[in-house]
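Visitor: Structure file work_31.cif, mmCIF, C-alpha atoms, is pasted below:
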```
data_my_file
loop_
_atom_site.label_atom_id
_atom_site.label_comp_id
_atom_site.auth_asym_id
_atom_site.auth_seq_id
_atom_site.Cartn_x
_atom_site.Cartn_y
_atom_site.Cartn_z
CA MET A 1 82.65 132.49 106.36
CA ILE A 2 82.70 128.79 107.24
CA SER A 3 85.57 127.79 109.52
CA VAL A 4 86.95 124.28 109.13
CA SER A 5 89.56 122.16 110.84
CA ILE A 6 91.12 119.37 108.80
CA ILE A 7 92.13 116.14 110.52
CA GLY A 8 94.43 113.96 108.44
CA ALA A 9 97.22 114.45 105.92
CA GLY A 10 96.46 112.03 103.09
CA ASN A 11 95.41 112.70 99.52
CA VAL A 12 91.85 113.81 100.30
CA ALA A 13 92.90 116.03 103.20
CA THR A 14 95.59 117.73 101.12
CA HIS A 15 93.28 118.45 98.20
CA LEU A 16 90.54 119.73 100.51
CA TYR A 17 93.01 122.05 102.23
CA LYS A 18 94.14 123.48 98.90
CA VAL A 19 90.65 124.11 97.57
CA PHE A 20 89.41 125.55 100.88
CA LYS A 21 92.33 127.99 100.94
CA LYS A 22 91.28 129.28 97.51
CA SER A 23 87.70 129.94 98.60
CA GLU A 24 86.74 133.33 99.98
CA GLN A 25 83.91 131.68 101.88
CA VAL A 26 86.00 129.14 103.81
CA SER A 27 88.60 129.62 106.51
CA VAL A 28 90.93 126.76 107.44
CA VAL A 29 91.68 127.48 111.07
CA GLN A 30 93.83 124.42 111.73
CA TRP A 31 95.29 121.28 110.19
CA TYR A 32 96.04 118.21 112.29
CA SER A 33 98.34 115.33 111.43
CA ARG A 34 99.83 112.82 113.85
CA ASP A 35 103.01 113.17 111.76
CA LEU A 36 103.80 116.88 111.45
CA ASN A 37 106.41 116.18 108.78
CA LYS A 38 103.60 115.47 106.33
CA ILE A 39 102.21 119.02 106.59
CA LYS A 40 105.15 121.07 107.84
CA SER A 41 105.57 122.69 104.42
CA TYR A 42 102.21 124.43 105.03
CA LYS A 43 103.06 125.78 108.50
CA ASN A 44 103.43 129.37 107.28
CA ALA A 45 99.95 129.30 105.72
CA VAL A 46 97.90 127.52 108.38
CA ALA A 47 98.16 126.56 112.04
CA ILE A 48 99.30 122.94 112.25
CA THR A 49 99.30 120.52 115.16
CA ASP A 50 99.95 116.90 116.01
CA GLN A 51 97.84 117.03 119.16
CA LEU A 52 94.08 116.46 118.98
CA SER A 53 93.82 118.12 122.39
CA GLU A 54 94.99 121.38 120.77
CA LEU A 55 92.19 121.59 118.20
CA GLU A 56 90.68 125.06 118.11
CA LEU A 57 87.08 126.14 117.64
CA ALA A 58 85.67 125.59 114.14
CA ASP A 59 82.27 125.24 112.48
CA ILE A 60 83.17 121.88 110.93
CA TYR A 61 85.81 119.29 111.77
CA ILE A 62 86.65 117.15 108.75
CA ILE A 63 88.15 113.74 109.48
CA ALA A 64 90.01 112.71 106.32
CA VAL A 65 91.94 109.65 107.51
CA SER A 66 91.94 105.97 106.53
CA ASP A 67 88.58 104.23 106.95
CA ASP A 68 89.89 102.04 109.75
CA ALA A 69 91.01 105.05 111.80
CA ILE A 70 87.84 107.18 111.59
CA ALA A 71 86.09 105.76 114.66
CA SER A 72 89.21 105.93 116.81
CA VAL A 73 90.02 109.51 115.83
CA SER A 74 86.46 110.68 116.46
CA GLU A 75 86.53 109.10 119.92
CA GLN A 76 89.69 111.03 120.78
CA LEU A 77 88.29 114.45 119.91
CA PRO A 78 88.38 116.57 123.10
CA PHE A 79 85.07 118.37 122.62
CA LYS A 80 81.33 117.69 122.41
CA ASP A 81 78.31 118.83 120.41
CA ARG A 82 80.26 120.16 117.43
CA LEU A 83 79.81 119.13 113.79
CA VAL A 84 82.25 116.36 112.90
CA VAL A 85 82.20 114.74 109.46
CA HIS A 86 84.23 112.09 107.69
CA THR A 87 85.04 111.88 103.97
CA SER A 88 84.64 108.14 103.41
CA GLY A 89 82.33 106.55 100.88
CA SER A 90 81.90 103.31 102.78
CA VAL A 91 82.16 104.05 106.52
CA SER A 92 78.88 104.47 108.40
CA ILE A 93 78.00 107.88 109.79
CA TYR A 94 77.36 106.02 113.06
CA ASP A 95 81.05 105.12 113.30
CA LEU A 96 81.61 108.72 114.38
CA ASP A 97 81.43 109.21 118.14
CA LYS A 98 77.93 110.28 119.16
CA LYS A 99 79.24 112.92 121.57
CA ASN A 100 79.35 115.24 118.53
CA LYS A 101 76.97 116.13 115.71
CA ARG A 102 77.74 113.71 112.90
CA GLY A 103 77.90 114.01 109.15
CA VAL A 104 79.54 112.85 105.92
CA PHE A 105 81.28 115.05 103.34
CA TYR A 106 82.21 112.55 100.61
CA PRO A 107 83.97 113.88 97.50
CA LEU A 108 83.31 111.25 94.84
CA GLN A 109 86.59 111.44 92.97
CA THR A 110 90.01 109.80 92.78
CA PHE A 111 92.75 111.77 94.54
CA SER A 112 96.50 111.63 94.09
CA LYS A 113 98.69 114.32 95.60
CA GLU A 114 100.55 114.76 92.31
CA ALA A 115 97.41 115.29 90.21
CA LYS A 116 95.41 118.53 90.15
CA VAL A 117 91.70 118.29 90.87
CA ASP A 118 89.02 120.70 89.66
CA PHE A 119 86.41 120.62 92.42
CA LYS A 120 83.86 122.18 90.08
CA LYS A 121 83.80 118.72 88.52
CA VAL A 122 83.75 116.81 91.82
CA PRO A 123 80.33 115.79 93.17
CA ILE A 124 80.11 116.06 96.95
CA CYS A 125 77.76 113.61 98.65
CA ILE A 126 76.54 114.84 102.01
CA GLU A 127 74.75 113.10 104.83
CA THR A 128 73.81 114.07 108.38
CA ILE A 129 71.84 112.64 111.27
CA GLY A 130 68.81 114.89 111.17
CA LYS A 131 68.41 117.79 108.75
CA LYS A 132 69.70 120.62 110.90
CA ASN A 133 73.31 120.50 109.69
CA LEU A 134 72.63 119.70 106.03
CA PRO A 135 72.54 123.38 104.95
CA LEU A 136 76.00 124.02 106.44
CA LEU A 137 77.55 121.08 104.60
CA GLN A 138 75.76 122.09 101.43
CA SER A 139 77.15 125.63 101.76
CA LEU A 140 80.66 124.25 102.28
CA ALA A 141 80.44 122.18 99.09
CA GLU A 142 79.03 125.10 97.13
CA ALA A 143 81.80 127.36 98.45
CA ILE A 144 84.33 125.28 96.51
CA GLY A 145 82.16 125.11 93.39
CA SER A 146 81.07 121.50 93.74
CA LYS A 147 77.68 120.06 92.90
CA VAL A 148 75.96 118.72 96.01
CA TYR A 149 74.04 115.47 96.37
CA LYS A 150 72.09 114.66 99.51
CA VAL A 151 72.32 110.88 99.89
CA ASN A 152 71.26 108.24 102.37
CA PRO A 153 73.68 105.60 103.75
CA ASP A 154 72.70 102.91 101.25
CA GLN A 155 73.04 105.27 98.30
CA ARG A 156 76.48 106.41 99.43
CA LYS A 157 77.72 102.85 99.87
CA ALA A 158 76.35 101.92 96.44
CA LEU A 159 78.14 104.89 94.88
CA HIS A 160 81.40 103.93 96.55
CA LEU A 161 81.12 100.32 95.36
CA ALA A 162 80.31 101.50 91.83
CA ALA A 163 83.27 103.89 92.00
CA VAL A 164 85.63 101.00 92.74
CA PHE A 165 84.51 99.37 89.49
CA VAL A 166 84.75 102.46 87.28
CA ASN A 167 87.97 103.79 88.80
CA ASN A 168 90.10 101.33 90.78
CA PHE A 169 89.35 98.26 88.68
CA THR A 170 89.56 100.22 85.44
CA ASN A 171 92.93 101.61 86.44
CA GLN A 172 94.17 98.08 87.11
CA LEU A 173 93.10 97.18 83.57
CA TYR A 174 95.14 100.15 82.34
CA ARG A 175 98.09 98.71 84.25
CA ILE A 176 97.65 95.30 82.59
CA ALA A 177 97.40 96.99 79.18
CA HIS A 178 100.58 98.90 79.98
CA GLU A 179 102.37 95.63 80.77
CA ILE A 180 101.15 94.09 77.50
CA THR A 181 102.29 97.01 75.34
CA GLU A 182 105.54 97.36 77.26
CA SER A 183 106.37 93.69 76.65
CA GLU A 184 106.44 94.35 72.90
CA GLY A 185 108.06 97.76 73.04
CA VAL A 186 104.89 99.60 72.05
CA GLU A 187 104.07 103.00 73.54
CA PHE A 188 101.10 102.92 75.94
CA ASP A 189 100.34 106.49 74.81
CA ILE A 190 98.93 105.09 71.55
CA LEU A 191 95.99 103.78 73.60
CA LYS A 192 95.16 107.11 75.27
CA PRO A 193 92.77 108.38 72.54
CA LEU A 194 90.84 105.11 72.92
CA ILE A 195 90.75 105.55 76.69
CA LEU A 196 89.37 109.07 76.32
CA GLU A 197 86.79 108.04 73.70
CA THR A 198 85.59 105.17 75.90
CA ALA A 199 85.09 107.57 78.82
CA ASN A 200 83.45 110.16 76.58
CA LYS A 201 81.05 107.64 75.05
CA VAL A 202 79.32 106.87 78.35
CA GLN A 203 78.55 110.57 78.73
CA HIS A 204 76.03 110.11 75.91
CA LEU A 205 75.25 106.38 75.84
CA SER A 206 74.46 103.86 78.55
CA PRO A 207 77.37 101.49 79.28
CA TYR A 208 75.19 98.68 77.91
CA LEU A 209 74.79 100.36 74.52
CA ALA A 210 78.41 101.52 74.45
CA GLN A 211 79.83 98.00 74.72
CA THR A 212 81.82 96.72 71.73
CA GLY A 213 84.48 94.06 71.16
CA PRO A 214 84.96 90.33 70.62
CA ALA A 215 83.11 89.24 73.77
CA LYS A 216 79.95 91.11 72.80
CA ARG A 217 80.17 89.68 69.27
CA ASN A 218 81.03 86.25 70.69
CA ASP A 219 84.00 86.18 68.34
CA LYS A 220 85.37 82.84 69.52
CA LYS A 221 88.42 82.79 67.25
CA THR A 222 89.63 86.22 68.43
CA ILE A 223 89.01 85.36 72.08
CA LYS A 224 90.95 82.10 71.71
CA ARG A 225 93.79 83.94 69.96
CA HIS A 226 93.95 86.57 72.72
CA LEU A 227 94.10 83.94 75.46
CA LYS A 228 96.91 82.14 73.63
CA GLN A 229 98.76 85.44 73.23
CA LEU A 230 98.63 86.25 76.95
CA GLU A 231 101.62 84.81 78.80
CA SER A 232 100.55 85.71 82.34
CA GLU A 233 98.06 83.32 83.97
CA HIS A 234 96.79 86.26 86.00
CA HIS A 235 96.06 88.23 82.81
CA LYS A 236 94.36 85.18 81.29
CA ALA A 237 92.10 84.90 84.34
CA VAL A 238 91.12 88.57 84.18
CA TYR A 239 90.47 88.36 80.44
CA THR A 240 88.34 85.23 80.85
CA LEU A 241 86.33 86.64 83.75
CA LEU A 242 85.51 89.89 81.95
CA THR A 243 84.79 88.10 78.67
CA GLU A 244 82.27 85.82 80.38
CA SER A 245 80.70 88.80 82.15
CA ILE A 246 80.23 90.68 78.87
CA LYS A 247 78.86 87.58 77.13
CA LYS A 248 76.36 87.02 79.92
CA THR A 249 75.26 90.67 79.87
CA HIS A 250 74.67 90.58 76.11
CA GLY A 251 73.08 87.15 75.91
CA ARG A 252 76.01 85.36 74.28
#
```
Would you kindly transcribe this structure into structure tokens?

Guide:
Amino acid sequence: MISVSIIGAGNVATHLYKVFKKSEQVSVVQWYSRDLNKIKSYKNAVAITDQLSELELADIYIIAVSDDAIASVSEQLPFKDRLVVHTSGSVSIYDLDKKNKRGVFYPLQTFSKEAKVDFKKVPICIETIGKKNLPLLQSLAEAIGSKVYKVNPDQRKALHLAAVFVNNFTNQLYRIAHEITESEGVEFDILKPLILETANKVQHLSPYLAQTGPAKRNDKKTIKRHLKQLESEHHKAVYTLLTESIKKTHGR
């Protein structure tokens, strides 16, 4: 049994708590949040606290807070020489206070409290200073059914940057598409099969080979018509930027 203490109450922390509680190989001994109201609904299932000084003994302390707060929280931990990890894709492992053993437990997925997550489909990227604590982090990831990837700092940062493109930026494009359809009273749901097929296609083809559309074809008349159709200057700028990127990639 691996005992863990969760520090933080955001989306990642909440999903980790839920999946750990389902595992027979993991025990959540405590959950910390500086605002107890965020986790008070769980008080009958796990010990909760808003005091870092009250953290109890655990095998792993998981800091799942905003990137900017990781260093500060790790400095405030009242113990030494225990395994402390953060869940960020971009923060250095060296941002954790060196008084403790340091690691990274990075679930490469998008998390919203309202959306269910199947951790069997969530890759966990792990990193430690030295190899001694890698097996414990690997066991923790495997205990929730996740596939484990041992990465170095540069690889993790590259994955996080790539994730911003495939998730955050893509979702913003969904939002723009939603605004366009909404402006004409068309249901956004009509686009969902296309969204799913686009995601499915890159499971079998490289993104380069999967590319289609007027920019790849250099269909100047369609591109000009689309730009004229767009009323928002912001949407025009996004369309133009991505069109030029696709044209450059495909030699147009």

Visitor: Can you spell out as a list in words the set of residues that the PyMOL selection byres ((chain A and resi 20) around 10) selects in the structure I just provided?

Guide: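 For this structure, the PyMOL selection byres ((chain A and resi 20) around 10) captures Ile2, Ser3, Val4, Thr14, His15, Leu16, Tyr17, Lys18, Val19, Lys21, Lys22, Ser23, Glu24, Gln25, Val26, Ser27, Val28, Leu140, Ala141, Ala143 and Ile144 of chain A.
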
Visitor: Pull out every residue that the PyMOL selection byres ((chain A and resi 148) around 8) matches in the shown coordinates and put them as a list in words.

Guide: Pro123, Ile124, Cys125, Ile126, Gln138, Ala141, Glu142, Ser146, Lys147, Tyr149 and Lys150 of chain A

Visitor: Would you mind listing what lies within 8 Å of stretch 79-95 of chain A as number ranges by chain, with only C-alpha atoms counted and same-chain residues fewer than 3 positions away left out?

Guide: A: 12, 59-64, 67, 70-71, 74, 98-108, 127-129, 133, 153, 156-157, 159-160

Visitor: Could you save the residues just selected, with C-alpha atoms, as an mmCIF file, in the coordinates of the input?

Guide:
```cif
data_model
loop_
_atom_site.group_PDB
_atom_site.id
_atom_site.type_symbol
_atom_site.label_atom_id
_atom_site.label_comp_id
_atom_site.auth_asym_id
_atom_site.auth_seq_id
_atom_site.Cartn_x
_atom_site.Cartn_y
_atom_site.Cartn_z
ATOM 1 C CA VAL A 12 91.850 113.810 100.300
ATOM 2 C CA ASP A 59 82.270 125.240 112.480
ATOM 3 C CA ILE A 60 83.170 121.880 110.930
ATOM 4 C CA TYR A 61 85.810 119.290 111.770
ATOM 5 C CA ILE A 62 86.650 117.150 108.750
ATOM 6 C CA ILE A 63 88.150 113.740 109.480
ATOM 7 C CA ALA A 64 90.010 112.710 106.320
ATOM 8 C CA ASP A 67 88.580 104.230 106.950
ATOM 9 C CA ILE A 70 87.840 107.180 111.590
ATOM 10 C CA ALA A 71 86.090 105.760 114.660
ATOM 11 C CA SER A 74 86.460 110.680 116.460
ATOM 12 C CA LYS A 98 77.930 110.280 119.160
ATOM 13 C CA LYS A 99 79.240 112.920 121.570
ATOM 14 C CA ASN A 100 79.350 115.240 118.530
ATOM 15 C CA LYS A 101 76.970 116.130 115.710
ATOM 16 C CA ARG A 102 77.740 113.710 112.900
ATOM 17 C CA GLY A 103 77.900 114.010 109.150
ATOM 18 C CA VAL A 104 79.540 112.850 105.920
ATOM 19 C CA PHE A 105 81.280 115.050 103.340
ATOM 20 C CA TYR A 106 82.210 112.550 100.610
ATOM 21 C CA PRO A 107 83.970 113.880 97.500
ATOM 22 C CA LEU A 108 83.310 111.250 94.840
ATOM 23 C CA GLU A 127 74.750 113.100 104.830
ATOM 24 C CA THR A 128 73.810 114.070 108.380
ATOM 25 C CA ILE A 129 71.840 112.640 111.270
ATOM 26 C CA ASN A 133 73.310 120.500 109.690
ATOM 27 C CA PRO A 153 73.680 105.600 103.750
ATOM 28 C CA ARG A 156 76.480 106.410 99.430
ATOM 29 C CA LYS A 157 77.720 102.850 99.870
ATOM 30 C CA LEU A 159 78.140 104.890 94.880
ATOM 31 C CA HIS A 160 81.400 103.930 96.550
#
```

Visitor: Calculate how many Å separate atom CA of A:Ala215 from atom CA of A:Ala158, rounding to one decimal.

Guide: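 Between atom CA of A:Ala215 and atom CA of A:Ala158 the gap works out to 26.8 Å.
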
Visitor: Which residues come within 12 Å of A:Lys192, counting all atoms listed in the file, excluding same-chain residues fewer than 4 positions away, as a list in words?

Guide: Tyr174, Ala177, His178, Glu187, Phe188, Leu196, Glu197, Thr198 and Ala199 of chain A

Visitor: Could you pull stretch 151-192 of chain A out of the block above and save it with N, CA and C atoms, as a CSV table (one decimal), in the first residue's frame?

Guide:
```csv
chain,number,residue,atom,x,y,z
A,151,VAL,N,10.7,10.4,-18.1
A,151,VAL,CA,11.2,11.5,-19.0
A,151,VAL,C,12.2,12.3,-18.3
A,152,ASN,N,13.0,13.0,-19.1
A,152,ASN,CA,13.9,14.0,-18.5
A,152,ASN,C,13.3,15.4,-18.6
A,153,PRO,N,13.9,16.4,-17.9
A,153,PRO,CA,13.3,17.7,-17.9
A,153,PRO,C,12.9,18.3,-19.2
A,154,ASP,N,13.8,18.2,-20.2
A,154,ASP,CA,13.6,18.8,-21.5
A,154,ASP,C,12.4,18.1,-22.2
A,155,GLN,N,12.4,16.7,-22.1
A,155,GLN,CA,11.3,16.0,-22.7
A,155,GLN,C,9.9,16.4,-22.1
A,156,ARG,N,9.9,16.6,-20.8
A,156,ARG,CA,8.6,16.9,-20.1
A,156,ARG,C,8.2,18.3,-20.6
A,157,LYS,N,9.1,19.2,-20.6
A,157,LYS,CA,8.7,20.6,-21.1
A,157,LYS,C,8.3,20.6,-22.5
A,158,ALA,N,8.9,19.8,-23.4
A,158,ALA,CA,8.5,19.7,-24.8
A,158,ALA,C,7.1,19.1,-24.9
A,159,LEU,N,6.8,18.1,-24.0
A,159,LEU,CA,5.4,17.5,-24.0
A,159,LEU,C,4.4,18.5,-23.6
A,160,HIS,N,4.7,19.3,-22.6
A,160,HIS,CA,3.8,20.3,-22.1
A,160,HIS,C,3.5,21.4,-23.1
A,161,LEU,N,4.6,21.8,-23.8
A,161,LEU,CA,4.4,22.8,-24.9
A,161,LEU,C,3.5,22.2,-26.0
A,162,ALA,N,3.8,21.0,-26.4
A,162,ALA,CA,3.0,20.4,-27.5
A,162,ALA,C,1.6,20.2,-27.0
A,163,ALA,N,1.4,19.9,-25.7
A,163,ALA,CA,0.0,19.7,-25.2
A,163,ALA,C,-0.8,21.0,-25.3
A,164,VAL,N,-0.1,22.1,-25.1
A,164,VAL,CA,-0.8,23.4,-25.2
A,164,VAL,C,-1.4,23.6,-26.7
A,165,PHE,N,-0.6,23.2,-27.6
A,165,PHE,CA,-1.0,23.3,-29.0
A,165,PHE,C,-2.2,22.3,-29.3
A,166,VAL,N,-2.1,21.1,-28.9
A,166,VAL,CA,-3.1,20.1,-29.3
A,166,VAL,C,-4.4,20.2,-28.4
A,167,ASN,N,-4.2,20.8,-27.2
A,167,ASN,CA,-5.4,20.9,-26.4
A,167,ASN,C,-5.9,22.3,-26.2
A,168,ASN,N,-5.1,23.2,-25.6
A,168,ASN,CA,-5.6,24.5,-25.2
A,168,ASN,C,-5.9,25.3,-26.5
A,169,PHE,N,-5.0,25.3,-27.5
A,169,PHE,CA,-5.2,26.1,-28.7
A,169,PHE,C,-6.3,25.5,-29.5
A,170,THR,N,-6.4,24.2,-29.6
A,170,THR,CA,-7.4,23.5,-30.3
A,170,THR,C,-8.8,23.8,-29.7
A,171,ASN,N,-8.9,23.9,-28.4
A,171,ASN,CA,-10.1,24.2,-27.7
A,171,ASN,C,-10.6,25.6,-28.0
A,172,GLN,N,-9.6,26.5,-28.1
A,172,GLN,CA,-9.9,27.9,-28.5
A,172,GLN,C,-10.5,28.0,-29.9
A,173,LEU,N,-9.9,27.1,-30.8
A,173,LEU,CA,-10.5,27.1,-32.1
A,173,LEU,C,-11.9,26.5,-32.1
A,174,TYR,N,-12.2,25.6,-31.2
A,174,TYR,CA,-13.6,25.1,-31.1
A,174,TYR,C,-14.5,26.3,-30.7
A,175,ARG,N,-14.0,27.1,-29.7
A,175,ARG,CA,-14.7,28.2,-29.3
A,175,ARG,C,-15.0,29.2,-30.4
A,176,ILE,N,-14.1,29.5,-31.2
A,176,ILE,CA,-14.3,30.3,-32.4
A,176,ILE,C,-15.3,29.7,-33.3
A,177,ALA,N,-15.2,28.4,-33.6
A,177,ALA,CA,-16.2,27.7,-34.4
A,177,ALA,C,-17.6,27.8,-33.8
A,178,HIS,N,-17.6,27.7,-32.5
A,178,HIS,CA,-18.9,27.8,-31.8
A,178,HIS,C,-19.5,29.2,-32.0
A,179,GLU,N,-18.7,30.2,-32.0
A,179,GLU,CA,-19.2,31.6,-32.2
A,179,GLU,C,-19.7,31.8,-33.6
A,180,ILE,N,-19.0,31.2,-34.6
A,180,ILE,CA,-19.3,31.3,-36.0
A,180,ILE,C,-20.7,30.6,-36.3
A,181,THR,N,-20.8,29.4,-35.8
A,181,THR,CA,-22.1,28.7,-36.0
A,181,THR,C,-23.3,29.4,-35.3
A,182,GLU,N,-23.0,29.8,-34.0
A,182,GLU,CA,-24.0,30.4,-33.2
A,182,GLU,C,-24.5,31.7,-33.9
A,183,SER,N,-23.6,32.4,-34.6
A,183,SER,CA,-24.0,33.7,-35.2
A,183,SER,C,-25.0,33.5,-36.3
A,184,GLU,N,-25.1,32.3,-36.9
A,184,GLU,CA,-26.1,32.0,-37.9
A,184,GLU,C,-27.2,31.0,-37.5
A,185,GLY,N,-27.2,30.8,-36.2
A,185,GLY,CA,-28.2,29.9,-35.7
A,185,GLY,C,-28.1,28.4,-36.0
A,186,VAL,N,-26.8,28.0,-36.3
A,186,VAL,CA,-26.5,26.6,-36.6
A,186,VAL,C,-26.0,25.9,-35.4
A,187,GLU,N,-26.5,24.7,-35.2
A,187,GLU,CA,-26.0,23.9,-34.0
A,187,GLU,C,-24.6,23.5,-34.1
A,188,PHE,N,-23.8,23.8,-33.1
A,188,PHE,CA,-22.4,23.4,-33.1
A,188,PHE,C,-22.2,21.9,-33.1
A,189,ASP,N,-23.3,21.2,-32.6
A,189,ASP,CA,-23.2,19.7,-32.5
A,189,ASP,C,-23.0,19.1,-33.9
A,190,ILE,N,-23.4,19.8,-35.0
A,190,ILE,CA,-23.2,19.2,-36.3
A,190,ILE,C,-21.8,19.0,-36.6
A,191,LEU,N,-20.9,19.8,-36.0
A,191,LEU,CA,-19.4,19.7,-36.2
A,191,LEU,C,-18.8,18.5,-35.4
A,192,LYS,N,-19.5,18.0,-34.4
A,192,LYS,CA,-18.8,17.0,-33.5
A,192,LYS,C,-18.3,15.7,-34.2
```
